[in-house]
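A.B. asks: Dropping in target-v3.cif, which is mmCIF, C-alpha atoms and all ligand atoms:
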```cif
data_my_file
loop_
_atom_site.label_atom_id
_atom_site.label_comp_id
_atom_site.auth_asym_id
_atom_site.auth_seq_id
_atom_site.Cartn_x
_atom_site.Cartn_y
_atom_site.Cartn_z
CA MET A 656 10.47 -20.66 -2.85
CA ASP A 657 8.59 -19.63 0.32
CA HIS A 658 5.62 -17.21 0.45
CA HIS A 659 7.85 -14.26 1.26
CA ASP A 660 10.34 -14.70 -1.59
CA GLN A 661 7.47 -15.42 -3.98
CA THR A 662 5.59 -12.24 -2.94
CA ILE A 663 8.71 -10.13 -3.55
CA LYS A 664 9.23 -11.83 -6.93
CA ASP A 665 5.55 -11.20 -7.81
CA PHE A 666 5.91 -7.49 -6.99
CA GLY A 667 9.18 -7.19 -8.92
CA GLU A 668 7.40 -8.50 -12.02
CA GLN A 669 4.25 -6.46 -11.37
CA TRP A 670 6.09 -3.13 -11.11
CA LEU A 671 8.27 -3.85 -14.16
CA ARG A 672 5.02 -4.22 -16.13
CA TYR A 673 3.20 -1.28 -14.48
CA PRO A 674 6.06 1.18 -13.79
CA ASP A 675 4.40 4.63 -13.86
CA ASN A 676 2.46 6.57 -11.21
CA GLU A 677 0.25 8.74 -13.42
CA GLY A 678 -2.73 10.89 -12.43
CA PHE A 679 -4.71 10.65 -9.19
CA TYR A 680 -2.88 7.36 -8.35
CA GLY A 681 0.37 9.31 -7.78
CA SER A 682 -1.17 12.56 -6.54
CA LEU A 683 -0.76 14.59 -3.37
CA GLU A 684 -4.57 14.57 -3.16
CA LEU A 685 -4.55 10.78 -2.78
CA PHE A 686 -1.68 11.05 -0.29
CA SER A 687 -3.78 13.43 1.88
CA ASP A 688 -6.56 10.86 1.74
CA ILE A 689 -4.18 8.06 2.82
CA LEU A 690 -2.83 10.13 5.74
CA PHE A 691 -6.26 11.33 6.92
CA PRO A 692 -7.14 11.93 9.77
CA PHE A 693 -3.74 11.55 11.46
CA LEU A 694 -1.38 13.68 9.38
CA LYS A 695 -1.48 16.40 6.77
CA PRO A 696 1.13 16.49 3.97
CA GLU A 697 2.26 19.92 5.30
CA GLU A 698 3.43 18.26 8.53
CA ILE A 699 6.03 16.32 6.53
CA ARG A 700 7.71 19.51 5.24
CA GLY A 701 11.38 19.62 6.29
CA CYS A 702 11.23 16.14 7.91
CA LYS A 703 13.52 13.12 7.62
CA VAL A 704 11.36 10.16 6.66
CA ALA A 705 11.48 6.60 5.35
CA GLU A 706 9.11 4.49 3.31
CA ILE A 707 9.21 0.71 3.65
CA GLY A 708 8.16 -1.13 0.47
CA SER A 709 8.44 1.69 -2.04
CA GLY A 710 7.54 -0.25 -5.21
CA THR A 711 7.60 2.21 -8.13
CA GLY A 712 8.33 5.22 -5.91
CA ARG A 713 4.72 6.49 -5.89
CA ILE A 714 4.73 7.34 -2.16
CA VAL A 715 8.37 8.54 -2.25
CA ASN A 716 7.39 11.16 -4.84
CA MET A 717 4.36 12.12 -2.75
CA LEU A 718 6.67 12.61 0.27
CA LEU A 719 8.98 14.78 -1.85
CA ALA A 720 6.01 16.78 -3.14
CA ALA A 721 4.96 17.31 0.48
CA GLY A 722 8.39 18.85 1.16
CA ALA A 723 10.28 16.07 2.99
CA GLU A 724 13.91 17.05 3.50
CA HIS A 725 15.21 13.50 3.04
CA VAL A 726 13.54 10.17 2.20
CA VAL A 727 14.95 6.67 2.75
CA ALA A 728 13.22 4.36 0.26
CA VAL A 729 13.33 0.62 0.96
CA GLU A 730 12.43 -1.83 -1.82
CA PRO A 731 13.73 -5.42 -1.92
CA SER A 732 12.30 -6.52 -5.30
CA ASP A 733 13.40 -6.06 -8.92
CA ALA A 734 11.21 -2.94 -8.88
CA PHE A 735 14.25 -1.25 -7.30
CA GLU A 736 15.44 -0.07 -10.73
CA VAL A 737 11.97 1.33 -11.53
CA LEU A 738 12.01 3.12 -8.16
CA ARG A 739 15.38 4.72 -8.92
CA ARG A 740 14.23 5.83 -12.39
CA ASN A 741 10.94 7.31 -11.13
CA ILE A 742 12.26 9.41 -8.24
CA ARG A 743 11.83 13.12 -8.98
CA GLN A 744 14.52 14.58 -6.65
CA PRO A 745 17.18 11.84 -6.38
CA GLU A 746 19.51 14.09 -4.38
CA LYS A 747 16.99 13.96 -1.51
CA VAL A 748 16.51 10.18 -1.54
CA THR A 749 18.56 7.20 -0.29
CA CYS A 750 17.38 4.02 -2.03
CA LEU A 751 18.09 0.74 -0.24
CA LYS A 752 17.54 -2.66 -1.85
CA ILE A 753 16.89 -4.45 1.44
CA MET A 754 14.00 -6.05 3.34
CA GLY A 755 12.00 -3.84 5.70
CA ASN A 756 13.41 -5.64 8.75
CA GLN A 757 16.91 -4.58 7.62
CA LEU A 758 16.12 -0.85 7.77
CA PRO A 759 19.17 0.71 9.50
CA SER A 760 18.55 1.85 13.10
CA TYR A 761 19.03 5.56 12.28
CA GLY A 762 17.23 6.66 15.45
CA ASP A 763 16.56 10.16 14.05
CA LEU A 764 13.70 9.77 11.56
CA ASP A 765 10.57 11.88 12.10
CA TYR A 766 8.15 9.60 10.22
CA ILE A 767 8.17 6.14 8.67
CA PHE A 768 5.48 4.95 6.27
CA ALA A 769 4.47 1.45 5.15
CA ILE A 770 1.60 1.86 2.70
CA GLY A 771 0.11 -1.40 1.45
CA VAL A 772 3.15 -3.43 2.49
CA LEU A 773 2.80 -5.14 5.88
CA HIS A 774 -0.29 -7.11 4.79
CA HIS A 775 1.96 -8.83 2.22
CA ILE A 776 4.47 -9.99 4.86
CA LYS A 777 3.63 -13.15 6.81
CA ASP A 778 5.60 -12.10 9.89
CA PRO A 779 5.62 -8.28 9.89
CA GLY A 780 6.82 -8.02 13.53
CA PRO A 781 10.54 -7.62 12.68
CA VAL A 782 9.69 -4.84 10.18
CA VAL A 783 7.69 -2.96 12.84
CA GLN A 784 10.59 -3.46 15.26
CA ALA A 785 13.06 -2.03 12.72
CA ALA A 786 10.79 0.99 12.21
CA LEU A 787 10.71 1.57 15.97
CA LYS A 788 14.53 1.61 16.09
CA ALA A 789 14.89 3.92 13.08
CA LEU A 790 12.56 6.62 14.49
CA ARG A 791 13.57 9.36 16.91
CA PRO A 792 11.72 9.42 20.25
CA GLY A 793 8.36 11.05 19.43
CA GLY A 794 8.67 9.95 15.77
CA LYS A 795 5.63 8.31 14.15
CA PHE A 796 5.02 5.16 12.12
CA LEU A 797 2.01 5.31 9.76
CA VAL A 798 0.78 2.08 8.23
CA TRP A 799 -1.99 1.36 5.75
CA LEU A 800 -3.47 -2.15 5.66
CA TYR A 801 -6.26 -4.08 3.95
CA GLY A 802 -9.21 -4.44 6.33
CA LYS A 803 -11.34 -7.46 7.19
CA GLU A 804 -14.33 -5.47 8.42
CA GLY A 805 -16.28 -3.95 5.53
CA ASN A 806 -14.99 -6.59 3.10
CA THR A 807 -16.97 -9.70 4.10
CA LEU A 808 -18.77 -10.21 0.78
CA TYR A 809 -15.77 -9.14 -1.28
CA LEU A 810 -13.52 -11.64 0.53
CA LEU A 811 -16.04 -14.43 -0.09
CA LEU A 812 -15.47 -13.85 -3.79
CA LEU A 813 -11.80 -12.91 -3.70
CA LYS A 814 -10.32 -15.66 -1.53
CA PRO A 815 -11.28 -18.64 -3.76
CA LEU A 816 -10.39 -16.64 -6.88
CA ARG A 817 -6.92 -15.80 -5.54
CA ILE A 818 -6.09 -19.50 -5.05
CA ILE A 819 -5.99 -19.69 -8.85
CA THR A 820 -4.98 -16.16 -9.87
CA LYS A 821 -1.84 -15.93 -7.70
CA GLN A 822 -0.46 -18.88 -9.72
CA MET A 823 -1.30 -17.43 -13.14
CA PRO A 824 1.35 -16.20 -15.56
CA HIS A 825 1.13 -12.50 -16.34
CA PHE A 826 -0.56 -12.70 -19.75
CA ILE A 827 -3.41 -14.92 -18.49
CA LEU A 828 -3.91 -12.76 -15.39
CA ALA A 829 -3.85 -9.57 -17.50
CA THR A 830 -6.53 -11.11 -19.77
CA LEU A 831 -8.65 -12.03 -16.75
CA VAL A 832 -8.27 -8.47 -15.41
CA GLU A 833 -9.53 -7.17 -18.76
CA ILE A 834 -12.62 -9.40 -18.44
CA ILE A 835 -13.26 -8.42 -14.79
CA TYR A 836 -12.75 -4.71 -15.56
CA TRP A 837 -16.17 -4.33 -17.21
CA PRO A 838 -18.39 -5.85 -14.48
CA VAL A 839 -16.40 -3.78 -11.97
CA ALA A 840 -17.11 -0.63 -14.02
CA PHE A 841 -20.81 -1.54 -13.93
CA TYR A 842 -20.60 -2.10 -10.15
CA VAL A 843 -19.06 1.38 -9.75
CA SER A 844 -21.99 2.89 -11.63
CA LEU A 845 -24.38 1.06 -9.26
CA CYS A 846 -22.44 2.47 -6.28
CA HIS A 847 -23.51 5.95 -7.40
CA ARG A 848 -27.13 4.94 -6.78
CA PHE A 849 -27.02 2.38 -3.96
CA PRO A 850 -25.12 1.96 -0.66
CA LEU A 851 -23.28 -1.17 -1.85
CA PRO A 852 -20.23 -2.80 -0.20
CA LEU A 853 -16.94 -0.97 -0.96
CA ARG A 854 -18.87 2.10 -2.11
CA GLY A 855 -16.49 4.49 -0.34
CA TYR A 856 -13.43 3.01 -2.03
CA MET A 857 -15.13 2.76 -5.42
CA LEU A 858 -16.30 6.39 -5.51
CA TRP A 859 -13.49 8.15 -3.64
CA VAL A 860 -10.51 6.19 -4.93
CA PHE A 861 -11.02 3.59 -7.67
CA GLU A 862 -13.22 5.68 -9.96
CA ARG A 863 -10.72 8.54 -9.86
CA PHE A 864 -7.91 6.34 -11.20
CA SER A 865 -7.16 6.36 -14.92
CA PRO A 866 -8.43 3.23 -16.77
CA GLY A 867 -4.86 1.84 -16.68
CA LYS A 868 -4.57 2.29 -12.93
CA ARG A 869 -8.02 0.73 -12.38
CA ARG A 870 -6.72 -2.35 -14.18
CA LEU A 871 -3.59 -2.26 -12.01
CA ALA A 872 -5.74 -2.01 -8.85
CA ILE A 873 -7.59 -5.20 -9.88
CA TYR A 874 -4.33 -6.94 -10.87
CA ASP A 875 -2.77 -5.96 -7.53
CA GLN A 876 -5.57 -7.75 -5.66
CA LEU A 877 -5.16 -10.97 -7.63
CA ASN A 878 -1.40 -11.26 -8.17
CA PRO A 879 0.55 -11.22 -4.85
CA SER A 880 1.24 -14.63 -3.41
CA TYR A 881 0.45 -13.52 0.17
CA ALA A 882 -2.18 -10.99 1.30
CA LYS A 883 -3.79 -10.72 4.73
CA TYR A 884 -6.95 -8.75 5.53
CA TYR A 885 -6.59 -7.33 9.05
CA SER A 886 -9.26 -6.96 11.72
CA GLN A 887 -9.20 -3.69 13.65
CA LYS A 888 -7.78 -5.50 16.69
CA GLU A 889 -4.97 -7.08 14.66
CA ALA A 890 -4.18 -3.77 12.95
CA LYS A 891 -3.81 -1.96 16.27
CA GLY A 892 -1.95 -4.90 17.85
CA LEU A 893 0.67 -4.84 15.08
CA LEU A 894 2.12 -1.58 16.45
CA GLU A 895 1.19 -2.01 20.13
CA GLU A 896 3.02 -5.36 20.31
CA LYS A 897 6.28 -3.58 19.43
CA GLU A 898 5.75 -0.92 22.08
CA PHE A 899 4.49 1.94 19.97
CA LYS A 900 2.37 4.29 22.11
CA ASN A 901 -0.83 6.27 21.36
CA VAL A 902 -1.75 3.80 18.62
CA LEU A 903 -4.78 5.08 16.71
CA VAL A 904 -6.76 3.37 13.98
CA HIS A 905 -8.97 4.83 11.24
CA HIS A 906 -11.35 2.73 9.09
CA ARG A 907 -10.42 4.36 5.78
CA HIS A 908 -13.42 4.47 3.44
CA GLY A 909 -14.87 1.61 5.49
CA TYR A 910 -12.64 -1.07 3.90
CA SER A 911 -9.05 -0.61 5.17
CA TRP A 912 -7.06 0.51 8.21
CA THR A 913 -4.78 3.50 8.62
CA VAL A 914 -2.78 2.99 11.81
CA ILE A 915 -0.42 5.43 13.46
CA GLY A 916 1.82 4.96 16.51
CA THR A 917 4.42 7.06 18.31
CA LYS A 918 7.86 5.94 19.50
CA PRO A 919 8.07 6.63 23.25
C1 LIG B 1001 1.54 -3.03 -2.81
S1 LIG B 1001 3.21 -2.57 -2.99
C2 LIG B 1001 3.17 -0.94 -2.32
C3 LIG B 1001 4.13 0.00 -2.97
C4 LIG B 1001 4.08 1.43 -2.46
N1 LIG B 1001 4.15 1.51 -1.03
C5 LIG B 1001 2.84 2.13 -2.95
O1 LIG B 1001 1.89 2.32 -2.18
O2 LIG B 1001 2.79 2.47 -4.14
C6 LIG B 1001 4.08 -3.49 -1.75
C7 LIG B 1001 5.60 -3.36 -1.86
O3 LIG B 1001 6.21 -3.93 -0.68
C8 LIG B 1001 7.37 -4.61 -1.07
N2 LIG B 1001 7.70 -5.62 -0.04
C9 LIG B 1001 7.26 -6.88 0.09
N3 LIG B 1001 7.84 -7.50 1.14
C10 LIG B 1001 8.66 -6.59 1.71
C11 LIG B 1001 9.53 -6.60 2.84
N4 LIG B 1001 9.69 -7.69 3.60
N5 LIG B 1001 10.22 -5.49 3.12
C12 LIG B 1001 10.08 -4.36 2.37
N6 LIG B 1001 9.26 -4.30 1.28
C13 LIG B 1001 8.56 -5.38 0.96
C14 LIG B 1001 7.02 -5.22 -2.41
O4 LIG B 1001 8.16 -5.59 -3.16
C15 LIG B 1001 6.18 -4.12 -3.05
O5 LIG B 1001 6.91 -3.28 -3.86
#
```
Take the structure in the file and give it back as structure tokens.
C.D. replies:
Amino acid sequence: MDHHDQTIKDFGEQWLRYPDNEGFYGSLELFSDILFPFLKPEEIRGCKVAEIGSGTGRIVNMLLAAGAEHVVAVEPSDAFEVLRRNIRQPEKVTCLKIMGNQLPSYGDLDYIFAIGVLHHIKDPGPVVQAALKALRPGGKFLVWLYGKEGNTLYLLLLKPLRIITKQMPHFILATLVEIIYWPVAFYVSLCHRFPLPLRGYMLWVFERFSPGKRRLAIYDQLNPSYAKYYSQKEAKGLLEEKEFKNVLVHHRHGYSWTVIGTKP
């Protein structure tokens, strides 16, 4: 099995074990934070949109809560059934069990989102190309990616750890997450006092998750078979290479990239 198939299999299993989107993790407040500073949820009202890599439907439900008229939800893994179960207004959603690069070329979508997805795809170019074709002229593609800048120390720890953890069966990985959870909780408390690495993420995002979702956030870092941490240049290039215009990049909480581009 290649990296790509394995990553999709990993996510299928992950979302079957962690199927809900409770609390701040699934909230419109977090969605505003993800879209900042390029879009406000209100701008999605009445729009035709798509999300590539929908997982459990967390972002799809945020888009519905923001008032999207119609959402196309793309999810290739076994999480597809979880996605279908979780969607709050199924009459407004088309669920497609396909890869992102197979997104139909609708040509009339106002916005497409790929939140936490492209960094798990070794060659994301065809997915970006498919998004370009599915948008209307003037439509926008908003992508959220793991960042390289701001994560130097974290990646020194994470990269060697992931060599082992991405191979682990669920019950061993879940036990390890339980062990790691407590030092991370201590680290969060230190972030309140000191300007430590990842402070922005820890205080504005991670700490606001329920204990279950904090465990999921740790699991999600250790489980997927493929994960790339993008430099600012690479993040911007991802959209510019496929001819998106006015590509803008925001260093979200100093550890990740929100990128937006417009179809000419
Ligand atoms: C980290 S999850 C993000 C889920 C959702 N966007 C969210 O933020 O809650 C990444 C998702 O992308 C999906 N994925 C992986 N490769 C994909 C591909 N080539 N095309 C579309 N989705 C893909 C995975 O199956 C997984 O559900």
A.B. asks: What residues of the protein or nucleic acid chains come within 6 Å of ligand LIG 1001 (chain B) when you use only C-alpha atoms and all ligand atoms? Reply as a list in words.
C.D. replies: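 What falls inside 6 Å of ligand LIG 1001 (chain B) is Ile663, Phe666, Ile707, Gly708, Ser709, Gly710, Arg713, Ile714, Glu730, Pro731, Ser732, Met754, Gly755, Ile770, Gly771, Val772 and Ile776 of chain A.
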A.B. asks: How far is it from CA of Tyr884 (chain A) to CA of Leu813 (chain A), in Å with one decimal?
C.D. replies: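 That distance, rounded to one decimal, is 11.2 Å.
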A.B. asks: Do you know which residues are at most 12 Å from region 887-901 of chain A counting all atoms listed in the file, after dropping those on the same chain fewer than 5 positions away, and could you put them as a ChimeraX atom specification?
C.D. replies: /A:693,769,773-774,778-788,790,792-805,906-907,909-919
A.B. asks: How close does each residue of region 711-786 of chain A get to region 670-678 of chain A, giving the shortest atom pair and distance in Å to one decimal for every residue with an atom at most 7 Å away, counting all atoms listed in the file, sorted by chain and residue number, as CSV?
C.D. replies:
```
residue,atom,partner,partner_atom,distance
A:Thr711,CA,A:Pro674,CA,6.0
A:Arg713,CA,A:Asn676,CA,5.8
A:Ala734,CA,A:Trp670,CA,5.6
A:Val737,CA,A:Pro674,CA,6.3
```
A.B. asks: Go through A:Lys883, A:Lys777, A:Lys821, A:Arg863 and flag the residue nearest Asp657 (chain A), using only C-alpha atoms for the distances.
C.D. replies: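 Closest to Asp657 (chain A), using only C-alpha atoms: A:Lys777.
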A.B. asks: Hey, which of A:Phe861, A:Tyr874, A:Tyr761, A:Phe679 ends up closest to Ala840 (chain A)? Count all atoms listed in the file.
C.D. replies: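 With all atoms listed in the file as the atom set, the closest residue is A:Phe861.
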A.B. asks: As a ChimeraX atom specification, please: the residues near region 722-729 of chain A (cut-off 6 Å, all atoms listed in the file, same-chain neighbours under 2 positions excluded).
C.D. replies: /A:699-709,718-720,747-751
A.B. asks: Just how far from CA of Gly762 (chain A) is CA of Arg791 (chain A), in Å to one decimal?
C.D. replies: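 CA of Arg791 (chain A) sits 4.8 Å away from CA of Gly762 (chain A).
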A.B. asks: Can you measure CA of Tyr856 (chain A) to CA of Phe691 (chain A) for me? One decimal in Å is fine.
C.D. replies: 14.2 Å
A.B. asks: Looking at A:Ile689, A:Ala721, A:Ile873, A:Val715, which one is nearest to Val839 (chain A), with distances taken over all atoms listed in the file?
C.D. replies: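 Among the listed residues, the smallest separation from Val839 (chain A) belongs to A:Ile873.
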A.B. asks: Will you give me region 866-885 of chain A, written with N, CA, C and O atoms and laid out as a PDB file, in the first residue's frame?
C.D. replies:
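Printed below is part-v1.pdb as written:
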```pdb
ATOM      1  N   PRO A 866     -11.589  17.702  26.835  1.00  0.00           N
ATOM      2  CA  PRO A 866     -10.487  16.747  27.044  1.00  0.00           C
ATOM      3  C   PRO A 866     -10.432  15.684  25.942  1.00  0.00           C
ATOM      4  O   PRO A 866      -9.352  15.326  25.465  1.00  0.00           O
ATOM      5  N   GLY A 867     -11.593  15.214  25.475  1.00  0.00           N
ATOM      6  CA  GLY A 867     -11.620  14.198  24.406  1.00  0.00           C
ATOM      7  C   GLY A 867     -11.020  14.724  23.113  1.00  0.00           C
ATOM      8  O   GLY A 867     -10.284  14.016  22.428  1.00  0.00           O
ATOM      9  N   LYS A 868     -11.339  15.963  22.781  1.00  0.00           N
ATOM     10  CA  LYS A 868     -10.824  16.542  21.532  1.00  0.00           C
ATOM     11  C   LYS A 868      -9.341  16.901  21.653  1.00  0.00           C
ATOM     12  O   LYS A 868      -8.618  16.929  20.655  1.00  0.00           O
ATOM     13  N   ARG A 869      -8.876  17.187  22.873  1.00  0.00           N
ATOM     14  CA  ARG A 869      -7.429  17.412  23.051  1.00  0.00           C
ATOM     15  C   ARG A 869      -6.683  16.112  22.769  1.00  0.00           C
ATOM     16  O   ARG A 869      -5.647  16.101  22.125  1.00  0.00           O
ATOM     17  N   ARG A 870      -7.255  15.011  23.242  1.00  0.00           N
ATOM     18  CA  ARG A 870      -6.628  13.703  22.962  1.00  0.00           C
ATOM     19  C   ARG A 870      -6.637  13.438  21.458  1.00  0.00           C
ATOM     20  O   ARG A 870      -5.649  12.973  20.899  1.00  0.00           O
ATOM     21  N   LEU A 871      -7.761  13.758  20.806  1.00  0.00           N
ATOM     22  CA  LEU A 871      -7.842  13.571  19.350  1.00  0.00           C
ATOM     23  C   LEU A 871      -6.784  14.422  18.640  1.00  0.00           C
ATOM     24  O   LEU A 871      -6.140  13.964  17.688  1.00  0.00           O
ATOM     25  N   ALA A 872      -6.599  15.673  19.099  1.00  0.00           N
ATOM     26  CA  ALA A 872      -5.624  16.567  18.452  1.00  0.00           C
ATOM     27  C   ALA A 872      -4.212  15.961  18.543  1.00  0.00           C
ATOM     28  O   ALA A 872      -3.430  16.061  17.587  1.00  0.00           O
ATOM     29  N   ILE A 873      -3.905  15.316  19.660  1.00  0.00           N
ATOM     30  CA  ILE A 873      -2.578  14.681  19.802  1.00  0.00           C
ATOM     31  C   ILE A 873      -2.506  13.446  18.888  1.00  0.00           C
ATOM     32  O   ILE A 873      -1.549  13.255  18.138  1.00  0.00           O
ATOM     33  N   TYR A 874      -3.570  12.645  18.916  1.00  0.00           N
ATOM     34  CA  TYR A 874      -3.641  11.426  18.098  1.00  0.00           C
ATOM     35  C   TYR A 874      -3.464  11.778  16.619  1.00  0.00           C
ATOM     36  O   TYR A 874      -2.730  11.109  15.884  1.00  0.00           O
ATOM     37  N   ASP A 875      -4.129  12.849  16.205  1.00  0.00           N
ATOM     38  CA  ASP A 875      -4.141  13.299  14.811  1.00  0.00           C
ATOM     39  C   ASP A 875      -2.738  13.721  14.335  1.00  0.00           C
ATOM     40  O   ASP A 875      -2.447  13.685  13.150  1.00  0.00           O
ATOM     41  N   GLN A 876      -1.887  14.140  15.258  1.00  0.00           N
ATOM     42  CA  GLN A 876      -0.515  14.479  14.895  1.00  0.00           C
ATOM     43  C   GLN A 876       0.348  13.230  14.704  1.00  0.00           C
ATOM     44  O   GLN A 876       1.290  13.226  13.923  1.00  0.00           O
ATOM     45  N   LEU A 877      -0.006  12.174  15.437  1.00  0.00           N
ATOM     46  CA  LEU A 877       0.868  10.993  15.474  1.00  0.00           C
ATOM     47  C   LEU A 877       0.441   9.884  14.524  1.00  0.00           C
ATOM     48  O   LEU A 877       1.236   9.033  14.156  1.00  0.00           O
ATOM     49  N   ASN A 878      -0.830   9.874  14.116  1.00  0.00           N
ATOM     50  CA  ASN A 878      -1.387   8.740  13.384  1.00  0.00           C
ATOM     51  C   ASN A 878      -1.172   8.749  11.858  1.00  0.00           C
ATOM     52  O   ASN A 878      -0.755   7.737  11.303  1.00  0.00           O
ATOM     53  N   PRO A 879      -1.452   9.866  11.135  1.00  0.00           N
ATOM     54  CA  PRO A 879      -1.450   9.776   9.672  1.00  0.00           C
ATOM     55  C   PRO A 879      -0.086   9.386   9.108  1.00  0.00           C
ATOM     56  O   PRO A 879       0.950   9.882   9.564  1.00  0.00           O
ATOM     57  N   SER A 880      -0.145   8.544   8.100  1.00  0.00           N
ATOM     58  CA  SER A 880       1.069   8.004   7.523  1.00  0.00           C
ATOM     59  C   SER A 880       1.913   9.100   6.842  1.00  0.00           C
ATOM     60  O   SER A 880       3.128   9.039   6.851  1.00  0.00           O
ATOM     61  N   TYR A 881       1.240  10.108   6.272  1.00  0.00           N
ATOM     62  CA  TYR A 881       1.986  11.183   5.594  1.00  0.00           C
ATOM     63  C   TYR A 881       1.528  12.542   6.119  1.00  0.00           C
ATOM     64  O   TYR A 881       0.321  12.821   6.175  1.00  0.00           O
ATOM     65  N   ALA A 882       2.481  13.389   6.514  1.00  0.00           N
ATOM     66  CA  ALA A 882       2.156  14.762   6.937  1.00  0.00           C
ATOM     67  C   ALA A 882       3.341  15.653   6.592  1.00  0.00           C
ATOM     68  O   ALA A 882       4.474  15.341   6.957  1.00  0.00           O
ATOM     69  N   LYS A 883       3.050  16.740   5.872  1.00  0.00           N
ATOM     70  CA  LYS A 883       4.125  17.671   5.497  1.00  0.00           C
ATOM     71  C   LYS A 883       3.897  18.998   6.208  1.00  0.00           C
ATOM     72  O   LYS A 883       2.757  19.466   6.290  1.00  0.00           O
ATOM     73  N   TYR A 884       4.967  19.613   6.682  1.00  0.00           N
ATOM     74  CA  TYR A 884       4.896  20.924   7.330  1.00  0.00           C
ATOM     75  C   TYR A 884       5.434  21.945   6.339  1.00  0.00           C
ATOM     76  O   TYR A 884       6.607  21.891   5.976  1.00  0.00           O
ATOM     77  N   TYR A 885       4.567  22.848   5.873  1.00  0.00           N
ATOM     78  CA  TYR A 885       4.878  23.750   4.761  1.00  0.00           C
ATOM     79  C   TYR A 885       5.600  25.018   5.209  1.00  0.00           C
ATOM     80  O   TYR A 885       5.220  25.637   6.214  1.00  0.00           O
TER      81      TYR A 885
END
```
